[in-house]
Amino acid sequence: MVAEIGFGALIVAFVVSIYGIVAGIYGARRHAEPWLESGRRAMLLTWPLITLAVLCLVALLVGGHYEVQYVYNVTSSFMPLYLKVTALWGGQAGSLVFWSWLMAAFASAVTLRKWDRDREFLPWVIVVTLVTLAFFLGLVIFVENPFVRFWQMPDGRQAVAMFAPRGALPLVPMEGRGLNPLLRHPGMILHPPMLYLGFVSFVIPYAFGIAALVTGRTDDRWIRITRRWTLVAWLFLSLGLILGSRWAYDVLGWGGYWGWDPVEIAAFMPWLSGTAFLHSVMIQEKRGLFKRWNMILIILTYALVIFGTFLTRSGVLSSVHAFAQSAIGPLFFGFIAITFLGSLGLLLYRWNDLRSEGVMTSLLSREALFLLNNLLFMGVLVVCFWGVIYPLISEIITGQKVTVGPSYYERSTGPLFAALLLLMGIAPLSAWGHSTLKTLGRALWKPLVASVVIVVGLWVGGIRAWSALLAFWLVALVSLVTLYEYYRAVVARHRRTGENYLRALWNLAGRNRRRYGGYIIHLGVVLMALGIIGIELFQTETQGTVQPGGSLRLGNYTMLFQRLDVFDTQDGRNVARAVVSVFKGDRYVGELHPRRDFFYDSQQTMTIPGVRSTMEDDFYVLLVDWQSSAQGITFKVYHNPLVNWLWVGGLVFILGTLVAAWPDREAEPTRARATQSLAAQRVRP
Amino acid sequence: MSTESKPTTGSRSLSPVIIVVSFVLLIGFLYLIGQGLRRAYAGPIAIGQKVPAFELTTFEGAVIRTADWQGKVIVVNFWASWCKPCEQEAADLEQAWQRYRPGGEVLFLGVDYVDTEPEARAFIEKFGLTYPNGPDLRTKISQMFRIQGVPETYIIDRGGRLAFVKKGPTTLNEITGVIDQLLAQAP
């Protein structure tokens, strides 16, 4: 019964979405307000309907209804309640429902805003979001239905169907297969929803962009409305990526955080174009430049979101992330073809309306440096894109699927990332409109000198690798510039208003959240860069087989293997847990428990490292092999300097995004714009 | 859409070349992923189809080339040490191998799919497997057969065509039935 209700709710939501699309288009063409209003209400109705379907599915998961195929595939009675709930996105069908649910939530939220000033956008925003939603609902209903059940046919065969075939009896397995143990990690439980949230919220700015193209209202209004949406989308996408890295570091057991896997890149690509978009919209807002470019970027971001989802779910590329192959590939392909071609057609149709209102006057101006930033992000994107589709190209040309490895990505993106860091140091100091070498130099020289002093200090301290020195110099420069900017602004505000420094800092960030939030984000990036430099350039590792009482050395560290415990747990695991003592120099610093869990229900093993983590470094021990215990136990040991700065930086980064996205009073931006255009008029002859 | 006012001043019109090029690029990209998708969905080699020649490097380091076994029957079994159903069928496979080994007309190949070597060797030892077993390096063989999981068993006839596919564990009776039938056929 619950399955029928859930499935019914999905069908109704699908029909309502189709109706909303039709009503939106008809209302827009006929300027028929009642139809528009009706379409808007249809959009609002989708969320409660899909919520009902989600609740039904969760009820089935929690209730252990193994007659439902999806429940059978992703849960087992051993699993705790929270894992049964989060199994909602543990498999293909459920995660598509979950995706639709989030999409509907965002679509509803955007419909709730006041539309008085932007009424002409409304129908097209409804159409674009509902087309996307209807597509995902269609996938769920027609191809990947999470509510299908097992049936025993009269002739003894088993069947899987939504409704009972003639003469069939329900078939209820005693036990489910259980969730893949790799996914039973807090990072992994939150990682997919964050990515989905990032993905679906990018649909909103895209919908407004398309609405602007269709209506021909090509001023920066669509950007202003969606500014916060974009930031929120970007926040979730960033969170998703950071959580995924953390999960990989904790769980996958290769001492790394990022493997340049096609699906990681698939999530990274919209982040890259989205980041470029976030920067370049500011140029359009301030200077009226780059209208076309912004439109291209938002279309590209949406396209990459859809393409990334397609890659993950169609089985076109092999990856650790891939879902089981399913029939959604061809449908997805059709959707991609239609949306990409439609967007491109619309963009070219409006090309001439999207002319810039101003001109760029100086190569060192803020807008010129933003343009450079965009080009660098696009460079990274091209590298990633080429790497992802290369296997497909090679398969067509040579018949063999050749995959490019991490070294390709590292070598080609490394210099681009370094250039981006450098730019991050310089750009905040340049002014809108025009900057000269002189004005830039005046702002830059103090942080520059200080950063060089730091590098000299590191050199004296014994670091000789030029790549590391260059990287540390960039990190130092950007941090100093950012802090110096804060310092100058706070001092200026203190002088002007007489507020104390702390209060001045607080008000400063409050006045121009995007700018000062952005600086915090930059600081976060720099800290993350510090962690990445540490692990990429200074990671060391060793492997060895030792008897109890034996030890392994790595750098300054020694680990002493004490003993191995093998035991069963209540929740259906067999655990092999080693106890090792860690010494730094001669000093005892703690005990670690690297272990290997074997899950009886899913017959899978999982390696969990023992990690001693400090801000200076991580000492990371993996239990590689323990069965051939005659020779001893094999351990793999990593020393990862500075890696914790990656996570700290991630937190700072998120904090900065929150500051930037925090709502401020509506009236402010319009006033700023008004005074600015007044000023612009005065300058022009 | 009819109400908007078109700007009239200094409109640089978009060159048709650019329009054509952008659509060609996009369609080229769509063709590319379309082809990738088609291949991904091509499914396993169908029964009656020629199986391309491949080679397997065994855990002992020997290289077995199916091209050297033309005119014989070849049994390809995909397995992994972490796979429970594989344990079910392992003894049966070995027993079948023992039956045909003296005749020299049938080759058994065990392809170890996504596994770690110590565990895989322990598995071979545990079930006393004596037919050639080796890791599927870069999952080339399993990609060629487009296996969906383990265990899966494929039997190739004397003409090099796929004659039998079993997804899931097989049994002694099942494979000997198929092999005897295939051996009776003329090469």
# chains A, B, ... in the order shown; residues from 1 in each chain; ligands from 1
call {"tool": "residues_around", "arguments": {"residues": "region 178-185 of chain B", "least_positions_apart": "3", "cutoff": "10 Å", "atoms": "only C-alpha atoms", "output": "PyMOL selection string"}}
result
chain B and resi 71-75+96+100+105-106+155-159+163-164+173-175
call {"tool": "write_last_selection", "arguments": {"atoms": "C-alpha atoms", "output": "PDB file, in the first residue's frame"}}
result
ATOM      1  CA  GLY B  71      39.682 -25.472 -32.721  1.00  0.00           C
ATOM      2  CA  LYS B  72      39.349 -26.303 -29.029  1.00  0.00           C
ATOM      3  CA  VAL B  73      36.644 -25.521 -26.554  1.00  0.00           C
ATOM      4  CA  ILE B  74      37.494 -22.705 -24.133  1.00  0.00           C
ATOM      5  CA  VAL B  75      35.776 -22.166 -20.782  1.00  0.00           C
ATOM      6  CA  ALA B  96      35.224 -30.567 -14.708  1.00  0.00           C
ATOM      7  CA  TYR B 100      38.741 -32.888 -19.718  1.00  0.00           C
ATOM      8  CA  GLU B 105      40.530 -30.581 -26.243  1.00  0.00           C
ATOM      9  CA  VAL B 106      39.235 -28.154 -23.604  1.00  0.00           C
ATOM     10  CA  ILE B 155      32.066 -21.230 -23.082  1.00  0.00           C
ATOM     11  CA  ILE B 156      33.530 -20.758 -26.553  1.00  0.00           C
ATOM     12  CA  ASP B 157      33.049 -23.465 -29.182  1.00  0.00           C
ATOM     13  CA  ARG B 158      35.608 -24.988 -31.538  1.00  0.00           C
ATOM     14  CA  GLY B 159      34.825 -22.333 -34.119  1.00  0.00           C
ATOM     15  CA  ALA B 163      28.190 -20.907 -27.208  1.00  0.00           C
ATOM     16  CA  PHE B 164      27.108 -20.523 -23.607  1.00  0.00           C
ATOM     17  CA  ASN B 173      26.383 -30.971 -14.697  1.00  0.00           C
ATOM     18  CA  GLU B 174      25.662 -27.713 -16.420  1.00  0.00           C
ATOM     19  CA  ILE B 175      29.109 -27.156 -17.867  1.00  0.00           C
TER      20      ILE B 175
END
call {"tool": "select_by_dssp", "arguments": {"residues": "region 288-516 of chain A", "states": "alpha helix (DSSP H)", "output": "PyMOL selection string"}}
result
chain A and resi 291-314+328-349+366-398+406-426+437-460+466-497+501-511+513-516
call {"tool": "atom_distance", "arguments": {"atom1": "CA of Glu591 (chain A)", "atom2": "CA of Asp617 (chain A)"}}
result
16.0 Å
call {"tool": "residues_around", "arguments": {"residues": "Gly379 (chain A)", "least_positions_apart": "2", "cutoff": "10 Å", "atoms": "only C-alpha atoms", "output": "list in words"}}
result
Leu272, Asn373, Asn374, Leu375, Leu376, Phe377, Leu381, Val382, Val383, Cys384, Phe385, Ser412, Thr413, Leu416 and Phe417 of chain A
call {"tool": "write_last_selection", "arguments": {"atoms": "N, CA and C atoms", "output": "short mmCIF file (atom, residue, chain, number, x, y, z; two decimals), in the first residue's frame"}}
result
data_model
loop_
_atom_site.label_atom_id
_atom_site.label_comp_id
_atom_site.auth_asym_id
_atom_site.auth_seq_id
_atom_site.Cartn_x
_atom_site.Cartn_y
_atom_site.Cartn_z
N LEU A 272 34.17 24.60 -11.34
CA LEU A 272 35.11 25.50 -12.02
C LEU A 272 34.37 26.57 -12.81
N ASN A 373 41.39 35.70 -14.60
CA ASN A 373 40.94 34.65 -13.67
C ASN A 373 40.00 33.69 -14.39
N ASN A 374 39.07 34.25 -15.15
CA ASN A 374 38.14 33.41 -15.90
C ASN A 374 38.85 32.53 -16.90
N LEU A 375 39.83 33.11 -17.58
CA LEU A 375 40.55 32.32 -18.58
C LEU A 375 41.29 31.17 -17.91
N LEU A 376 41.87 31.44 -16.73
CA LEU A 376 42.59 30.38 -16.03
C LEU A 376 41.64 29.27 -15.59
N PHE A 377 40.49 29.67 -15.05
CA PHE A 377 39.52 28.64 -14.66
C PHE A 377 39.08 27.83 -15.87
N LEU A 381 39.36 23.88 -16.66
CA LEU A 381 38.17 23.16 -17.11
C LEU A 381 38.46 22.38 -18.39
N VAL A 382 39.16 23.03 -19.32
CA VAL A 382 39.48 22.35 -20.58
C VAL A 382 40.34 21.11 -20.33
N VAL A 383 41.33 21.26 -19.45
CA VAL A 383 42.19 20.12 -19.11
C VAL A 383 41.33 18.97 -18.56
N CYS A 384 40.44 19.31 -17.63
CA CYS A 384 39.60 18.28 -17.01
C CYS A 384 38.68 17.64 -18.04
N PHE A 385 38.07 18.49 -18.85
CA PHE A 385 37.11 17.99 -19.83
C PHE A 385 37.79 17.05 -20.82
N SER A 412 49.20 19.26 -15.88
CA SER A 412 48.63 20.34 -16.68
C SER A 412 47.89 21.38 -15.86
N THR A 413 47.33 20.98 -14.71
CA THR A 413 46.61 22.00 -13.94
C THR A 413 47.50 22.70 -12.93
N LEU A 416 48.44 26.20 -13.76
CA LEU A 416 47.24 27.04 -13.81
C LEU A 416 46.78 27.40 -12.40
N PHE A 417 46.83 26.41 -11.51
CA PHE A 417 46.43 26.70 -10.13
C PHE A 417 47.40 27.70 -9.49
#
call {"tool": "residues_around", "arguments": {"residues": "Lys167 (chain B)", "least_positions_apart": "4", "cutoff": "7 Å", "atoms": "only C-alpha atoms", "output": "ChimeraX atom specification"}}
result
/B:151-153
call {"tool": "write_last_selection", "arguments": {"atoms": "C-alpha atoms", "output": "PDB file, in the first residue's frame"}}
result
ATOM      1  CA  PRO B 151      30.822 -15.309 -11.051  1.00  0.00           C
ATOM      2  CA  GLU B 152      30.119 -15.513 -14.754  1.00  0.00           C
ATOM      3  CA  THR B 153      31.071 -18.358 -17.061  1.00  0.00           C
TER       4      THR B 153
END
call {"tool": "residues_around", "arguments": {"residues": "Leu137 (chain B)", "least_positions_apart": "4", "cutoff": "9 Å", "atoms": "only C-alpha atoms", "output": "VMD selection string"}}
result
chain B and resid 56 to 57 112 to 114 141
call {"tool": "atom_distance", "arguments": {"atom1": "CA of Gly244 (chain A)", "atom2": "CA of Val110 (chain A)"}}
result
28.1 Å
call {"tool": "atom_distance", "arguments": {"atom1": "CA of Phe635 (chain A)", "atom2": "CA of Pro118 (chain B)"}}
result
14.3 Å
call {"tool": "residues_around", "arguments": {"residues": "region 19-29 of chain B", "least_positions_apart": "5", "cutoff": "8 Å", "atoms": "only C-alpha atoms", "output": "count of residues only"}}
result
5
call {"tool": "decode", "arguments": {"residues": "region 653-664 of chain A", "atoms": "all heavy atoms", "output": "short mmCIF file (atom, residue, chain, number, x, y, z; two decimals), in the first residue's frame"}}
result
data_model
loop_
_atom_site.label_atom_id
_atom_site.label_comp_id
_atom_site.auth_asym_id
_atom_site.auth_seq_id
_atom_site.Cartn_x
_atom_site.Cartn_y
_atom_site.Cartn_z
N PHE A 653 36.88 28.40 4.18
CA PHE A 653 36.27 28.60 2.88
C PHE A 653 34.74 28.63 2.97
O PHE A 653 34.07 29.52 2.46
CB PHE A 653 36.74 27.42 2.02
CG PHE A 653 36.32 27.45 0.59
CD1 PHE A 653 37.19 27.90 -0.38
CD2 PHE A 653 35.06 27.00 0.21
CE1 PHE A 653 36.81 27.90 -1.71
CE2 PHE A 653 34.69 27.01 -1.11
CZ PHE A 653 35.56 27.46 -2.08
N ILE A 654 34.21 27.64 3.70
CA ILE A 654 32.75 27.57 3.86
C ILE A 654 32.24 28.78 4.64
O ILE A 654 31.23 29.38 4.28
CB ILE A 654 32.36 26.25 4.59
CG1 ILE A 654 32.82 25.02 3.79
CG2 ILE A 654 30.88 26.19 4.86
CD1 ILE A 654 32.29 24.95 2.39
N LEU A 655 32.99 29.13 5.68
CA LEU A 655 32.62 30.30 6.48
C LEU A 655 32.55 31.55 5.61
O LEU A 655 31.59 32.33 5.66
CB LEU A 655 33.64 30.49 7.61
CG LEU A 655 33.45 31.74 8.45
CD1 LEU A 655 32.35 31.51 9.47
CD2 LEU A 655 34.74 32.15 9.15
N GLY A 656 33.57 31.72 4.77
CA GLY A 656 33.60 32.87 3.87
C GLY A 656 32.41 32.90 2.94
O GLY A 656 31.80 33.94 2.71
N THR A 657 32.06 31.71 2.42
CA THR A 657 30.92 31.65 1.51
C THR A 657 29.64 32.02 2.24
O THR A 657 28.77 32.71 1.69
CB THR A 657 30.78 30.24 0.91
OG1 THR A 657 32.07 29.76 0.57
CG2 THR A 657 29.92 30.26 -0.33
N LEU A 658 29.54 31.59 3.49
CA LEU A 658 28.35 31.95 4.27
C LEU A 658 28.27 33.45 4.47
O LEU A 658 27.21 34.06 4.33
CB LEU A 658 28.39 31.24 5.64
CG LEU A 658 28.03 29.76 5.61
CD1 LEU A 658 28.25 29.13 6.99
CD2 LEU A 658 26.57 29.58 5.19
N VAL A 659 29.41 34.06 4.78
CA VAL A 659 29.44 35.52 4.95
C VAL A 659 28.99 36.19 3.67
O VAL A 659 28.15 37.10 3.67
CB VAL A 659 30.85 35.99 5.34
CG1 VAL A 659 30.95 37.52 5.27
CG2 VAL A 659 31.21 35.51 6.73
N ALA A 660 29.51 35.71 2.53
CA ALA A 660 29.20 36.34 1.25
C ALA A 660 27.73 36.15 0.87
O ALA A 660 27.12 37.02 0.27
CB ALA A 660 30.10 35.78 0.17
N ALA A 661 27.18 34.98 1.25
CA ALA A 661 25.81 34.68 0.81
C ALA A 661 24.76 35.17 1.78
O ALA A 661 23.58 35.14 1.49
CB ALA A 661 25.66 33.16 0.62
N TRP A 662 25.21 35.65 2.97
CA TRP A 662 24.25 36.07 3.99
C TRP A 662 23.39 37.20 3.44
O TRP A 662 23.89 38.14 2.85
CB TRP A 662 25.01 36.55 5.23
CG TRP A 662 24.16 36.44 6.45
CD1 TRP A 662 23.47 37.44 7.04
CD2 TRP A 662 23.94 35.27 7.22
NE1 TRP A 662 22.81 36.96 8.13
CE2 TRP A 662 23.07 35.64 8.27
CE3 TRP A 662 24.36 33.94 7.14
CZ2 TRP A 662 22.64 34.71 9.23
CZ3 TRP A 662 23.93 33.03 8.08
CH2 TRP A 662 23.08 33.42 9.10
N PRO A 663 22.06 37.11 3.60
CA PRO A 663 21.21 38.13 2.98
C PRO A 663 21.47 39.51 3.59
O PRO A 663 21.60 39.64 4.80
CB PRO A 663 19.79 37.66 3.32
CG PRO A 663 19.91 36.33 3.93
CD PRO A 663 21.30 36.12 4.36
N ASP A 664 21.59 40.51 2.72
CA ASP A 664 21.57 41.87 3.28
C ASP A 664 20.32 42.57 2.78
O ASP A 664 19.56 42.02 1.98
CB ASP A 664 22.84 42.66 2.97
CG ASP A 664 23.40 42.36 1.60
OD1 ASP A 664 22.60 42.05 0.69
OD2 ASP A 664 24.61 42.40 1.44
#
